[in-house]
Amino acid sequence: MGEMGLRERKKQRMYQDVSDTAVRLFLERGFDAVSVAEVAAAAGISKPTLFRYFPAKEDLVLHRIADHETEAARIVAGATDPVDALRRNFLAGLDRRDPVTGLNDHPDVLAFHRLLYGTPSLVARAYAHQERSEEALAEALGGGLDARLAAGQIIAVQRILAQENWRRIAAGEPVEEVAPDAVEAAERAFRRLAEGLPELRPAG
């Protein structure tokens with residue numbers, strides 16, 4: 001068990017190191033200007049090894065948000081009020097300035113978001129990430145058409161809230177000024193979700 005744990009940690013470290021190396025190069029020179037072979041050389045691994053970890057070049061960047069792919073599904077698992085559980089999680093993310101909420105003005109975070117949203121192939125790959133998030137959430141909500149409809153609305157709300165926060169901060173607004181509006185917008189959005197998805201509310 002301990003050996004497997006060490007092996008898994010080393011694998012995750014490799015993922016992180018290679019992704020960090022790639023993102024640094026992409027930020028310096030642009031996503032399209034850096035080849036996979038250059039990333040592999042900078043990371044000290046072969047190109048075939050890199051592709052074993054990252055099937056597509058875009059995955060080198062999207063690894064930064066890969067752990068959020070099943071986040072919503074994990075949060076609602078066993079929750080008596082899924083929408084409220086997601087609301088509380090999003091608000092907690094805003095409070096700790098989690099980059100995934102868009103409410104973060106660290107230069108590295110802003111540069112990463114510019115890279116992500118400014119590169120068409122990365123935007124397309126991020127859309128696939130969103131679809132997998134919806135699928136996982138729909139399964140956690142019980143599966144079926146109603147669950148998929150609910151999951152689509154929930155994931156869209158979280159994405160739009162985060163993009164609005166990032167848009168304002170990228171335009172130069174201080175986090176301290178955006179934060180109160182971000183909290184109010186999240187409360188309003190999740191309240192509307194709860195009203196529109198009565199089947200997800202606890203009985204009584």
# chains A, B, ... in the order shown; residues from 1 in each chain; ligands from 1
$ select_by_dssp --residues "region 1-164 of chain A" --states "alpha helix (DSSP H)" --output "NGL selection string"
:A and (2-29 or 36-43 or 47-53 or 59-62 or 71-76 or 82-95 or 107-117 or 120-140 or 145-164)
$ closest_atom_pairs --of "region 51-93 of chain A" --to "region 186-202 of chain A" --cutoff "12 Å" --atoms "only C-alpha atoms" --output "CSV"
residue,atom,partner,partner_atom,distance
A:Val76,CA,A:Leu200,CA,10.4
A:Ala79,CA,A:Pro202,CA,9.6
A:Thr80,CA,A:Pro202,CA,6.0
A:Asp81,CA,A:Arg201,CA,5.4
A:Pro82,CA,A:Leu200,CA,6.5
A:Val83,CA,A:Ala194,CA,6.2
A:Asp84,CA,A:Phe190,CA,7.6
A:Ala85,CA,A:Phe190,CA,10.2
A:Leu86,CA,A:Phe190,CA,8.3
A:Arg87,CA,A:Phe190,CA,6.0
A:Arg88,CA,A:Glu187,CA,9.3
A:Asn89,CA,A:Ala186,CA,10.8
A:Phe90,CA,A:Ala186,CA,7.7
A:Leu91,CA,A:Ala186,CA,7.3
A:Ala92,CA,A:Ala186,CA,11.0
A:Gly93,CA,A:Ala186,CA,11.0
$ residues_around --residues "Ala43 (chain A)" --least-positions-apart "3" --cutoff "9 Å" --atoms "only C-alpha atoms" --output "number ranges by chain"
A: 17-19, 21-22, 38-40, 46, 50
$ write_last_selection --atoms "N, CA and C atoms" --output "JSON list (two decimals), in the first residue's frame"
[["chain", "number", "residue", "atom", "x", "y", "z"],
["A", 17, "ASP", "N", 5.00, 18.74, -12.69],
["A", 17, "ASP", "CA", 6.25, 19.34, -13.17],
["A", 17, "ASP", "C", 6.21, 19.59, -14.68],
["A", 18, "VAL", "N", 5.72, 18.60, -15.42],
["A", 18, "VAL", "CA", 5.66, 18.75, -16.88],
["A", 18, "VAL", "C", 4.67, 19.85, -17.26],
["A", 19, "SER", "N", 3.51, 19.87, -16.61],
["A", 19, "SER", "CA", 2.52, 20.90, -16.88],
["A", 19, "SER", "C", 3.07, 22.29, -16.56],
["A", 21, "THR", "N", 6.17, 23.26, -16.51],
["A", 21, "THR", "CA", 7.18, 23.59, -17.52],
["A", 21, "THR", "C", 6.52, 24.07, -18.80],
["A", 22, "ALA", "N", 5.49, 23.34, -19.24],
["A", 22, "ALA", "CA", 4.79, 23.70, -20.47],
["A", 22, "ALA", "C", 4.12, 25.07, -20.36],
["A", 38, "GLU", "N", 9.68, 20.55, -27.73],
["A", 38, "GLU", "CA", 10.39, 21.52, -26.89],
["A", 38, "GLU", "C", 9.98, 21.39, -25.43],
["A", 39, "VAL", "N", 8.70, 21.15, -25.20],
["A", 39, "VAL", "CA", 8.24, 20.96, -23.82],
["A", 39, "VAL", "C", 8.90, 19.73, -23.21],
["A", 40, "ALA", "N", 8.91, 18.64, -23.97],
["A", 40, "ALA", "CA", 9.51, 17.39, -23.49],
["A", 40, "ALA", "C", 10.98, 17.60, -23.16],
["A", 46, "SER", "N", 11.25, 12.18, -22.77],
["A", 46, "SER", "CA", 11.08, 11.98, -24.21],
["A", 46, "SER", "C", 9.69, 12.41, -24.64],
["A", 50, "LEU", "N", 6.03, 12.00, -22.73],
["A", 50, "LEU", "CA", 5.11, 13.12, -22.50],
["A", 50, "LEU", "C", 3.71, 12.76, -22.96]]
$ residues_around --residues "Phe31 (chain A)" --least-positions-apart "2" --cutoff "12 Å" --atoms "only C-alpha atoms" --output "JSON, numbers by chain"
{"A": [22, 23, 24, 25, 26, 27, 28, 29, 33, 34, 35, 36, 38, 39, 57, 58, 59, 60, 61, 112, 114, 115, 116, 117, 118, 119, 120, 121, 122]}
$ atom_distance --atom1 "CA of Ala72 (chain A)" --atom2 "CA of Leu110 (chain A)"
23.6 Å
$ closest_residue --among "A:Arg168, A:Gly5, A:Ala140, A:Arg148" --to "Gly102 (chain A)" --atoms "only C-alpha atoms"
A:Arg168
$ atom_distance --atom1 "CA of Arg96 (chain A)" --atom2 "CA of Ala73 (chain A)"
20.8 Å
$ closest_residue --among "A:Leu94, A:Pro180, A:Ala111, A:Glu139" --to "Gln158 (chain A)" --atoms "only C-alpha atoms"
A:Leu94
$ closest_residue --among "A:Leu141, A:Leu161, A:Ala136, A:Ala128" --to "Leu62 (chain A)" --atoms "only C-alpha atoms"
A:Ala128
